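Enquirer: My structure file entry-v4.cif, mmCIF, C-alpha atoms and all ligand atoms, is below:
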```cif
data_upload
#
loop_
_atom_site.label_atom_id
_atom_site.label_comp_id
_atom_site.auth_asym_id
_atom_site.auth_seq_id
_atom_site.Cartn_x
_atom_site.Cartn_y
_atom_site.Cartn_z
CA MET A 1 102.89 92.74 114.14
CA GLN A 2 102.01 95.34 116.78
CA ARG A 3 99.77 97.87 115.05
CA ALA A 4 99.20 101.53 115.95
CA ASP A 5 95.88 102.29 117.59
CA LEU A 6 94.09 104.15 114.80
CA ASP A 7 90.52 104.20 113.51
CA TRP A 8 91.71 102.62 110.24
CA LYS A 9 88.35 102.51 108.52
CA ASN A 10 87.70 106.21 109.01
CA LEU A 11 91.03 107.79 108.10
CA ASP A 12 90.92 110.85 105.87
CA PHE A 13 93.73 111.97 103.55
CA GLY A 14 95.62 113.90 106.22
CA PHE A 15 99.00 113.94 107.88
CA ARG A 16 99.39 111.61 110.85
CA GLN A 17 102.69 111.33 112.61
CA THR A 18 104.62 108.08 112.27
CA ASP A 19 107.89 107.07 113.91
CA TYR A 20 110.62 107.58 111.33
CA ASN A 21 111.60 109.24 108.07
CA ILE A 22 114.66 108.60 105.90
CA ARG A 23 117.02 111.39 104.84
CA TYR A 24 119.84 111.40 102.31
CA THR A 25 122.07 114.40 101.74
CA TRP A 26 123.66 115.35 98.42
CA LYS A 27 126.94 117.21 98.66
CA ASP A 28 130.04 117.44 96.47
CA GLY A 29 128.38 115.48 93.70
CA SER A 30 126.98 112.44 95.51
CA TRP A 31 124.35 111.17 97.93
CA ASP A 32 125.38 109.90 101.36
CA ALA A 33 124.24 106.58 102.91
CA GLY A 34 121.13 108.15 104.44
CA VAL A 35 119.92 108.24 108.02
CA THR A 36 116.76 107.10 109.76
CA SER A 37 115.41 110.07 111.69
CA ALA A 38 112.69 110.40 114.32
CA ASP A 39 112.61 114.18 113.87
CA GLN A 40 109.57 115.69 112.15
CA TYR A 41 111.47 118.88 111.41
CA ILE A 42 114.26 119.77 109.01
CA PRO A 43 117.07 122.14 109.95
CA LEU A 44 117.11 124.51 107.00
CA HIS A 45 119.22 127.49 106.00
CA MET A 46 117.07 130.59 105.55
CA ALA A 47 118.54 131.11 102.08
CA ALA A 48 117.89 127.51 100.93
CA THR A 49 116.82 127.49 97.27
CA CYS A 50 113.68 125.46 98.03
CA LEU A 51 112.36 128.39 100.06
CA HIS A 52 113.01 131.11 97.51
CA TYR A 53 113.35 129.66 94.07
CA GLY A 54 111.14 126.62 94.21
CA GLN A 55 113.75 123.89 93.96
CA GLU A 56 111.37 121.23 95.26
CA ALA A 57 110.00 118.06 93.69
CA PHE A 58 107.97 115.29 95.28
CA GLU A 59 106.32 111.96 94.64
CA GLY A 60 103.35 110.08 96.03
CA LEU A 61 102.87 106.33 96.19
CA LYS A 62 101.27 103.83 98.52
CA ALA A 63 102.13 100.66 100.43
CA TYR A 64 99.34 98.12 100.73
CA GLU A 65 98.94 95.25 103.13
CA GLN A 66 98.09 92.42 100.76
CA LYS A 67 95.48 89.74 101.18
CA ASP A 68 98.26 87.27 102.11
CA GLY A 69 99.59 89.60 104.85
CA SER A 70 102.68 90.73 102.96
CA VAL A 71 103.29 94.40 102.17
CA ALA A 72 103.68 95.70 98.63
CA VAL A 73 104.10 98.95 96.74
CA PHE A 74 102.66 99.73 93.32
CA ARG A 75 105.00 100.56 90.41
CA ASP A 76 107.50 102.45 92.56
CA ILE A 77 110.11 102.30 89.82
CA GLU A 78 107.84 104.63 87.83
CA ASN A 79 107.82 107.09 90.72
CA ALA A 80 111.62 106.93 90.80
CA ARG A 81 111.75 107.74 87.08
CA ARG A 82 109.24 110.56 87.33
CA LEU A 83 111.08 112.07 90.30
CA ASN A 84 114.19 112.15 88.18
CA ARG A 85 112.36 113.85 85.33
CA SER A 86 111.17 116.46 87.85
CA CYS A 87 114.69 116.91 89.26
CA GLU A 88 116.14 117.29 85.80
CA LYS A 89 113.69 120.05 84.88
CA ILE A 90 114.50 122.20 87.89
CA TYR A 91 118.22 121.51 87.97
CA MET A 92 118.36 119.20 90.95
CA PRO A 93 120.57 116.07 91.08
CA GLN A 94 119.18 112.68 90.05
CA VAL A 95 118.24 110.14 92.70
CA PRO A 96 119.58 106.77 91.50
CA GLU A 97 116.67 104.35 91.08
CA ASP A 98 118.20 101.79 93.46
CA LEU A 99 118.62 104.49 96.11
CA PHE A 100 114.97 105.46 95.68
CA ILE A 101 113.85 101.84 96.09
CA GLU A 102 116.12 101.39 99.12
CA ALA A 103 114.58 104.50 100.69
CA ILE A 104 111.06 103.11 100.15
CA ASP A 105 112.01 99.79 101.77
CA ARG A 106 113.66 101.55 104.69
CA VAL A 107 110.81 103.93 105.42
CA VAL A 108 108.09 101.27 105.13
CA ASN A 109 109.98 98.81 107.31
CA ALA A 110 110.72 101.47 109.94
CA ASN A 111 107.00 102.28 110.19
CA ARG A 112 105.39 98.85 109.83
CA LYS A 113 102.99 99.43 112.69
CA TYR A 114 101.36 102.25 110.71
CA ILE A 115 100.55 100.11 107.67
CA PRO A 116 96.75 99.97 107.60
CA PRO A 117 95.34 96.44 107.91
CA TYR A 118 94.11 94.71 104.76
CA GLY A 119 90.40 95.23 104.23
CA THR A 120 90.11 98.62 105.94
CA GLY A 121 90.35 100.67 102.74
CA ALA A 122 93.24 102.68 104.19
CA THR A 123 96.83 102.59 102.89
CA LEU A 124 100.26 103.84 103.86
CA TYR A 125 100.95 106.94 101.76
CA ILE A 126 104.63 107.42 100.95
CA ARG A 127 105.85 110.91 100.21
CA PRO A 128 109.42 111.23 98.81
CA LEU A 129 110.73 114.74 98.19
CA VAL A 130 113.90 116.42 97.02
CA ILE A 131 114.70 119.98 98.08
CA GLY A 132 117.52 122.39 97.43
CA THR A 133 119.06 123.09 100.84
CA GLY A 134 122.14 125.03 99.79
CA ALA A 135 122.07 128.79 100.44
CA ARG A 136 121.79 131.11 97.43
CA VAL A 137 120.62 134.64 96.87
CA GLY A 138 121.26 134.82 93.15
CA VAL A 139 118.95 132.66 91.08
CA LYS A 140 120.92 129.47 90.53
CA PRO A 141 120.74 125.85 91.63
CA ALA A 142 121.78 124.92 95.18
CA ASP A 143 125.03 123.10 95.92
CA GLU A 144 123.36 120.86 98.53
CA TYR A 145 120.16 118.80 98.46
CA LEU A 146 118.05 116.68 100.75
CA PHE A 147 116.12 113.58 99.60
CA LEU A 148 113.61 112.78 102.32
CA VAL A 149 110.90 110.13 102.48
CA PHE A 150 108.13 110.08 105.06
CA VAL A 151 104.97 108.03 105.38
CA THR A 152 101.52 108.62 106.78
CA PRO A 153 98.49 106.31 106.93
CA VAL A 154 95.63 107.68 104.83
CA GLY A 155 92.08 107.13 103.69
CA PRO A 156 90.57 108.44 100.44
CA TYR A 157 91.66 111.83 99.04
CA PHE A 158 88.16 112.80 98.01
CA LYS A 159 85.78 112.23 100.90
CA GLY A 160 83.80 109.03 100.46
CA GLY A 161 86.27 107.29 98.14
CA LEU A 162 84.17 105.88 95.35
CA THR A 163 81.56 108.61 95.90
CA PRO A 164 81.12 110.74 92.77
CA ILE A 165 82.32 114.35 92.73
CA ASP A 166 81.36 117.56 90.89
CA LEU A 167 83.93 119.32 88.70
CA VAL A 168 83.85 122.80 87.20
CA VAL A 169 85.85 123.76 84.13
CA GLU A 170 88.26 126.57 85.02
CA GLU A 171 88.65 129.21 82.31
CA VAL A 172 90.47 132.03 84.08
CA PHE A 173 93.29 130.48 86.08
CA ASP A 174 95.92 128.15 84.67
CA ARG A 175 97.74 125.45 86.61
CA ALA A 176 100.60 125.05 84.16
CA SER A 177 101.60 126.18 80.69
CA PRO A 178 103.10 124.43 77.67
CA GLY A 179 106.87 124.58 77.94
CA GLY A 180 106.61 125.03 81.70
CA VAL A 181 106.75 122.40 84.44
CA GLY A 182 103.18 121.05 84.46
CA ASP A 183 104.37 117.64 83.28
CA VAL A 184 106.55 117.14 86.36
CA LYS A 185 105.73 117.02 90.02
CA VAL A 186 107.15 120.22 91.45
CA GLY A 187 105.65 122.10 94.37
CA GLY A 188 105.02 125.34 92.48
CA ASN A 189 102.35 123.69 90.33
CA TYR A 190 100.28 123.04 93.41
CA ALA A 191 100.65 126.58 94.73
CA ALA A 192 99.57 127.80 91.28
CA GLY A 193 96.47 125.62 91.52
CA LEU A 194 95.24 126.82 94.90
CA ARG A 195 93.26 129.78 93.54
CA ALA A 196 91.25 127.71 91.07
CA SER A 197 90.65 125.02 93.66
CA PHE A 198 89.41 127.51 96.26
CA LYS A 199 87.23 129.22 93.68
CA ALA A 200 85.68 125.88 92.67
CA LYS A 201 85.03 124.89 96.28
CA ALA A 202 83.54 128.29 97.14
CA ALA A 203 81.09 127.81 94.26
CA GLY A 204 80.03 124.40 95.59
CA TYR A 205 82.13 122.11 93.38
CA THR A 206 84.62 119.50 94.56
CA GLU A 207 87.50 120.55 92.28
CA ALA A 208 88.48 122.51 89.19
CA LEU A 209 89.10 120.89 85.81
CA TYR A 210 91.75 122.78 83.87
CA LEU A 211 91.86 123.55 80.18
CA ASP A 212 95.06 123.83 78.17
CA ALA A 213 96.57 127.22 79.00
CA LYS A 214 97.33 128.25 75.42
CA GLU A 215 94.03 127.86 73.61
CA LYS A 216 91.60 127.07 76.43
CA LYS A 217 89.99 124.53 74.14
CA PHE A 218 91.22 121.17 75.37
CA LEU A 219 90.89 119.31 78.66
CA ASP A 220 94.02 119.09 80.81
CA GLU A 221 93.51 117.61 84.26
CA SER A 222 92.22 118.34 87.73
CA GLY A 223 94.45 119.83 90.47
CA PRO A 224 95.49 116.60 92.21
CA ALA A 225 94.58 113.98 89.58
CA ASN A 226 94.33 113.10 85.87
CA PHE A 227 91.00 113.01 84.10
CA PHE A 228 89.42 110.37 81.86
CA GLY A 229 86.11 110.06 80.10
CA ILE A 230 84.23 107.11 78.63
CA THR A 231 82.72 107.74 75.22
CA GLY A 232 79.35 106.46 74.03
CA GLU A 233 81.25 103.63 72.31
CA GLY A 234 82.76 102.58 75.63
CA GLN A 235 86.21 103.94 74.80
CA TYR A 236 88.55 105.17 77.57
CA VAL A 237 89.89 108.58 76.55
CA THR A 238 92.31 110.75 78.50
CA PRO A 239 93.90 114.10 77.65
CA ARG A 240 97.30 114.15 76.00
CA SER A 241 98.93 117.46 76.86
CA GLY A 242 102.39 118.79 77.65
CA SER A 243 101.08 120.41 80.81
CA VAL A 244 99.50 117.34 82.42
CA LEU A 245 101.37 115.20 84.94
CA PRO A 246 101.87 111.71 83.48
CA SER A 247 99.92 109.76 86.08
CA ILE A 248 101.09 106.26 86.92
CA THR A 249 97.52 105.34 87.86
CA ASN A 250 96.28 106.59 84.50
CA MET A 251 99.00 104.61 82.66
CA SER A 252 97.85 101.53 84.57
CA LEU A 253 94.17 102.17 83.89
CA GLN A 254 94.92 102.40 80.19
CA GLU A 255 96.44 98.91 80.40
CA ILE A 256 93.41 97.67 82.31
CA ALA A 257 91.06 99.37 79.84
CA ARG A 258 92.91 97.62 77.00
CA GLU A 259 92.44 94.31 78.82
CA MET A 260 88.71 95.11 79.09
CA GLY A 261 88.41 95.92 75.39
CA MET A 262 87.91 99.65 75.95
CA ASN A 263 90.45 100.63 73.31
CA PRO A 264 92.13 103.36 75.41
CA GLN A 265 93.28 106.51 73.70
CA SER A 266 95.37 109.42 74.89
CA ARG A 267 94.73 112.47 72.71
CA ALA A 268 93.78 116.14 72.72
CA ILE A 269 90.18 116.25 73.95
CA PRO A 270 88.10 119.32 73.03
CA VAL A 271 86.18 120.43 76.11
CA GLU A 272 82.82 120.01 74.32
CA GLU A 273 83.38 116.25 74.34
CA ILE A 274 82.38 116.17 78.01
CA PHE A 275 78.77 116.40 76.80
CA GLY A 276 79.11 113.12 74.93
CA PHE A 277 80.75 111.04 77.69
CA VAL A 278 78.73 108.36 79.43
CA ASP A 279 81.03 108.15 82.46
CA ALA A 280 84.12 110.02 83.72
CA GLY A 281 86.63 109.88 86.52
CA CYS A 282 89.64 111.46 88.18
CA CYS A 283 92.56 109.15 88.82
CA GLY A 284 95.78 109.22 90.80
CA THR A 285 97.56 107.62 93.72
CA ALA A 286 95.65 109.68 96.25
CA ALA A 287 92.38 109.82 94.28
CA VAL A 288 92.59 106.14 93.09
CA ILE A 289 89.54 106.45 90.81
CA THR A 290 87.14 109.10 91.95
CA PRO A 291 84.04 108.98 89.76
CA VAL A 292 82.80 112.27 88.37
CA LYS A 293 79.11 112.96 88.93
CA SER A 294 78.93 116.18 86.93
CA ILE A 295 80.99 118.72 85.04
CA THR A 296 79.93 122.34 84.69
CA TYR A 297 81.26 124.29 81.71
CA ARG A 298 80.09 127.88 81.37
CA ASP A 299 76.34 127.73 81.94
CA LYS A 300 75.95 124.06 81.06
CA LYS A 301 76.16 121.06 83.36
CA VAL A 302 76.50 117.46 82.25
CA SER A 303 75.81 114.59 84.65
CA TYR A 304 77.08 111.03 84.59
CA GLY A 305 75.74 107.90 86.25
CA ASN A 306 72.59 108.18 88.28
CA GLY A 307 73.87 110.85 90.65
CA SER A 308 74.93 109.24 93.90
CA GLU A 309 76.28 105.95 92.49
CA PRO A 310 79.51 105.68 90.49
CA GLY A 311 79.06 104.88 86.81
CA PRO A 312 79.56 101.26 85.66
CA TRP A 313 82.84 101.90 83.84
CA CYS A 314 84.47 103.66 86.79
CA THR A 315 83.30 100.88 89.07
CA LYS A 316 84.77 98.12 86.87
CA LEU A 317 88.10 99.89 86.39
CA TYR A 318 88.34 100.74 90.09
CA HIS A 319 87.78 97.20 91.28
CA ARG A 320 90.25 95.67 88.83
CA LEU A 321 92.95 98.18 89.79
CA VAL A 322 92.43 97.85 93.53
CA ARG A 323 92.25 94.06 93.38
CA ILE A 324 95.70 94.01 91.77
CA GLN A 325 97.04 96.52 94.30
CA LEU A 326 95.79 94.45 97.22
CA GLY A 327 96.98 91.12 95.84
CA GLU A 328 93.41 89.84 95.47
CA ASP A 329 93.94 89.30 91.74
CA PRO A 330 97.15 87.94 90.23
CA ASP A 331 99.34 90.74 88.83
CA PRO A 332 99.84 89.95 85.13
CA PHE A 333 101.58 93.30 84.57
CA GLY A 334 104.39 93.02 87.14
CA TRP A 335 103.25 96.19 88.94
CA ILE A 336 103.48 94.92 92.50
CA ARG A 337 106.77 94.88 94.41
CA LYS A 338 106.80 93.19 97.79
CA ILE A 339 108.72 95.02 100.48
CA PRO A 340 111.39 92.66 101.83
CA GLN A 341 111.19 92.12 105.60
CA PRO A 342 114.26 93.55 107.35
N1 LIG B 1 98.05 114.87 88.35
C1 LIG B 1 98.57 115.58 89.35
C2 LIG B 1 98.67 117.04 89.19
C3 LIG B 1 98.98 114.92 90.52
O1 LIG B 1 99.49 115.60 91.55
C4 LIG B 1 98.86 113.53 90.62
C5 LIG B 1 99.36 112.81 91.79
O2 LIG B 1 100.43 112.32 91.84
C6 LIG B 1 98.34 112.84 89.52
C7 LIG B 1 97.93 113.54 88.42
C8 LIG B 1 98.23 111.35 89.55
O3 LIG B 1 99.46 110.74 89.36
P1 LIG B 1 99.75 109.29 89.92
O4 LIG B 1 98.71 108.41 89.37
O5 LIG B 1 101.10 108.96 89.44
O6 LIG B 1 99.67 109.40 91.40
C1 LIG B 2 99.18 111.81 94.77
O1 LIG B 2 98.17 111.34 94.26
O2 LIG B 2 100.05 111.09 95.25
C2 LIG B 2 99.39 113.24 94.83
O3 LIG B 2 100.51 113.64 95.01
C3 LIG B 2 98.24 114.13 94.67
C4 LIG B 2 98.05 115.12 95.73
C5 LIG B 2 97.93 114.68 97.12
C6 LIG B 2 98.66 116.41 95.50
#
```
Take the structure in the file and write it out as structure tokens.
Expert:
Amino acid sequence: MQRADLDWKNLDFGFRQTDYNIRYTWKDGSWDAGVTSADQYIPLHMAATCLHYGQEAFEGLKAYEQKDGSVAVFRDIENARRLNRSCEKIYMPQVPEDLFIEAIDRVVNANRKYIPPYGTGATLYIRPLVIGTGARVGVKPADEYLFLVFVTPVGPYFKGGLTPIDLVVEEVFDRASPGGVGDVKVGGNYAAGLRASFKAKAAGYTEALYLDAKEKKFLDESGPANFFGITGEGQYVTPRSGSVLPSITNMSLQEIAREMGMNPQSRAIPVEEIFGFVDAGCCGTAAVITPVKSITYRDKKVSYGNGSEPGPWCTKLYHRLVRIQLGEDPDPFGWIRKIPQP
């Protein structure tokens, strides 16, 4: 396969142009057959609902060149399901699961030369999105939608990959509220998180860690990733909350933790428990597992691991997950789907 000329080992998590994206239009109650487009831009009506009333939902998943040279995606059916939960919540049409899968196959195959080579640590990030394109001025759902999927080769979301990061507990700004849309992947949640993220970075931290918006007592998640802690008993615990995005990576890590005898538990976690953890991490498609070096809450800071090195639990979980994703370990869970060659 002819490969693009990129510095694969040093890619950051940024947008890099590829050749094609796939676009399906919804009109009069159904999706069309979709087109392969080389255009990076979308012709959009100025009154489109995505611009004014936030009718936008997206997904994030990755394609991996496997050890055997084939190309696979990780649990994409779960992304299809979550996209539909997002669409349902903001009154957008459902994307049939087989259409979603077809779109993934089409976009990966159309951009094969941008799939990072096995062993470089980079992956092909796949970004599906649905937007309301129909024109409205009154607040109501659009009558036309676009389902678009593009890809871009990426490196780690947090610089350094498995390099530990510093979190700060955010007590003023909320990302999402109970009964709102924090449990789905809609664009507005990310706009709402920008203030806390900028505040955290300005104070020297890597990211903010949110508390539940109602009581400000329990851990929620970080802006772009779920959070987990490892208790002194070696148990994997992760916040259960109506305003956290159900992360597919986190779901998978709970399975892996079960396999490793870490008795995973998803429950409300009082913020004070951070002081009892022996290791902690952020997890997500983009973040994979990013170990947490420290968490600052009010005037107290707790540190995990020995500072610069990831803790042992994060390291073990990370390697097991990535080995399955790259086809280095057999996949006992049925998480890997090979992309059929055209
Ligand atoms: N939490 C938020 C807010 C996210 O944006 C993401 C990324 O998708 C995640 C968690 C992790 O989810 P996943 O593991 O499905 O990528
Ligand atoms: C992902 O992990 O895929 C995300 O969407 C997180 C982020 C880039 C917002």
Enquirer: Tell me which protein, DNA and RNA residues are within 9 Å of region 85-101 of chain A, counting all atoms listed in the file, leaving out same-chain ones fewer than 4 positions away, and put them as a PyMOL selection string.
Expert: chain A and resi 26+29-31+54-58+76-77+79-81+105-106+128+130-132+140-142+145+147+181+183-186
Enquirer: Let me have all residues with an atom within 9 Å of ligand LIG 1 (chain B), counting all atoms listed in the file, laid out as JSON, numbers by chain.
Expert: {"A": [58, 59, 60, 61, 78, 79, 82, 175, 182, 183, 184, 185, 186, 189, 190, 221, 222, 223, 224, 225, 226, 227, 244, 245, 246, 247, 248, 249, 250, 251, 252, 282, 283, 284, 285, 286, 287, 288]}
Enquirer: Between CA of Ala110 (chain A) and atom C6 of ligand LIG 2 (chain B), measure the distance and give it in Å to one decimal.
Expert: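 Separating CA of Ala110 (chain A) from atom C6 of ligand LIG 2 (chain B) is a distance of 24.0 Å.
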Enquirer: At most 9 Å from (87.8, 122.7, 90.2), file frame, all atoms listed in the file: which residues, as number ranges by chain?
Expert: A: 166-170, 196-201, 205-210, 222-223
Enquirer: So that I can check the surroundings of Asp68 (chain A), please list as a VMD selection string every protein, DNA and RNA residue that reaches within 12 Å of it, counting all atoms listed in the file and ignoring chain neighbours fewer than 3 positions away.
Expert: chain A and resid 64 to 65 71 to 72 117 to 119 326 to 330 338
Enquirer: Quick one: residues within 12 Å of Leu124 (chain A), all atoms listed in the file counted, chain neighbours fewer than 2 positions away excluded, as a PyMOL selection string?
Expert: chain A and resi 8+11-18+60-65+71-74+104+107-109+111-118+120-122+126-127+150-156+285-286
Enquirer: Please dump the current selection as a compact mmCIF listing (two decimals), keeping the file's coordinate frame; keep C-alpha atoms.
Expert:
```
# COMPACT_ATOMS: atom_id res chain seq x y z
CA TRP A 8 91.71 102.62 110.24
CA LEU A 11 91.03 107.79 108.10
CA ASP A 12 90.92 110.85 105.87
CA PHE A 13 93.73 111.97 103.55
CA GLY A 14 95.62 113.90 106.22
CA PHE A 15 99.00 113.94 107.88
CA ARG A 16 99.39 111.61 110.85
CA GLN A 17 102.69 111.33 112.61
CA THR A 18 104.62 108.08 112.27
CA GLY A 60 103.35 110.08 96.03
CA LEU A 61 102.87 106.33 96.19
CA LYS A 62 101.27 103.83 98.52
CA ALA A 63 102.13 100.66 100.43
CA TYR A 64 99.34 98.12 100.73
CA GLU A 65 98.94 95.25 103.13
CA VAL A 71 103.29 94.40 102.17
CA ALA A 72 103.68 95.70 98.63
CA VAL A 73 104.10 98.95 96.74
CA PHE A 74 102.66 99.73 93.32
CA ILE A 104 111.06 103.11 100.15
CA VAL A 107 110.81 103.93 105.42
CA VAL A 108 108.09 101.27 105.13
CA ASN A 109 109.98 98.81 107.31
CA ASN A 111 107.00 102.28 110.19
CA ARG A 112 105.39 98.85 109.83
CA LYS A 113 102.99 99.43 112.69
CA TYR A 114 101.36 102.25 110.71
CA ILE A 115 100.55 100.11 107.67
CA PRO A 116 96.75 99.97 107.60
CA PRO A 117 95.34 96.44 107.91
CA TYR A 118 94.11 94.71 104.76
CA THR A 120 90.11 98.62 105.94
CA GLY A 121 90.35 100.67 102.74
CA ALA A 122 93.24 102.68 104.19
CA ILE A 126 104.63 107.42 100.95
CA ARG A 127 105.85 110.91 100.21
CA PHE A 150 108.13 110.08 105.06
CA VAL A 151 104.97 108.03 105.38
CA THR A 152 101.52 108.62 106.78
CA PRO A 153 98.49 106.31 106.93
CA VAL A 154 95.63 107.68 104.83
CA GLY A 155 92.08 107.13 103.69
CA PRO A 156 90.57 108.44 100.44
CA THR A 285 97.56 107.62 93.72
CA ALA A 286 95.65 109.68 96.25
```
Enquirer: Mind giving me the straight-line distance from CA of Pro270 (chain A) to CA of Lys217 (chain A) in Å, one decimal?
Expert: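 According to the coordinates, CA of Pro270 (chain A) and CA of Lys217 (chain A) are separated by 5.7 Å.
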Enquirer: Between CA of Tyr20 (chain A) and CA of Gly34 (chain A), what is the distance, to one decimal in Å?
Expert: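 Here the two named atoms are 12.6 Å from each other.
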Enquirer: With all atoms listed in the file as the atoms that count, which of A:Ser266, A:Ala47, A:Glu259, A:Lys67 lies nearest to Thr133 (chain A)?
Expert: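 Nearest candidate to Thr133 (chain A) out of A:Ser266, A:Ala47, A:Glu259, A:Lys67: A:Ala47.
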Enquirer: Please give the centre and size of the box around region 289-297 of chain A (axis-aligned, containing every atom listed in the file, 5 Å added per side), with values in Å to one decimal and written as AutoDock Vina command-line options.
Expert:
```
--center_x 84.2 --center_y 115.4 --center_z 86.8 --size_x 20.6 --size_y 27.8 --size_z 20.2
```
Enquirer: Using only C-alpha atoms, which residue out of A:Ser294, A:Asn10, A:Gln2, A:Thr25 lies closest to Leu148 (chain A)?
Expert: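 Residue with the minimum atom-to-atom distance to Leu148 (chain A): A:Thr25.
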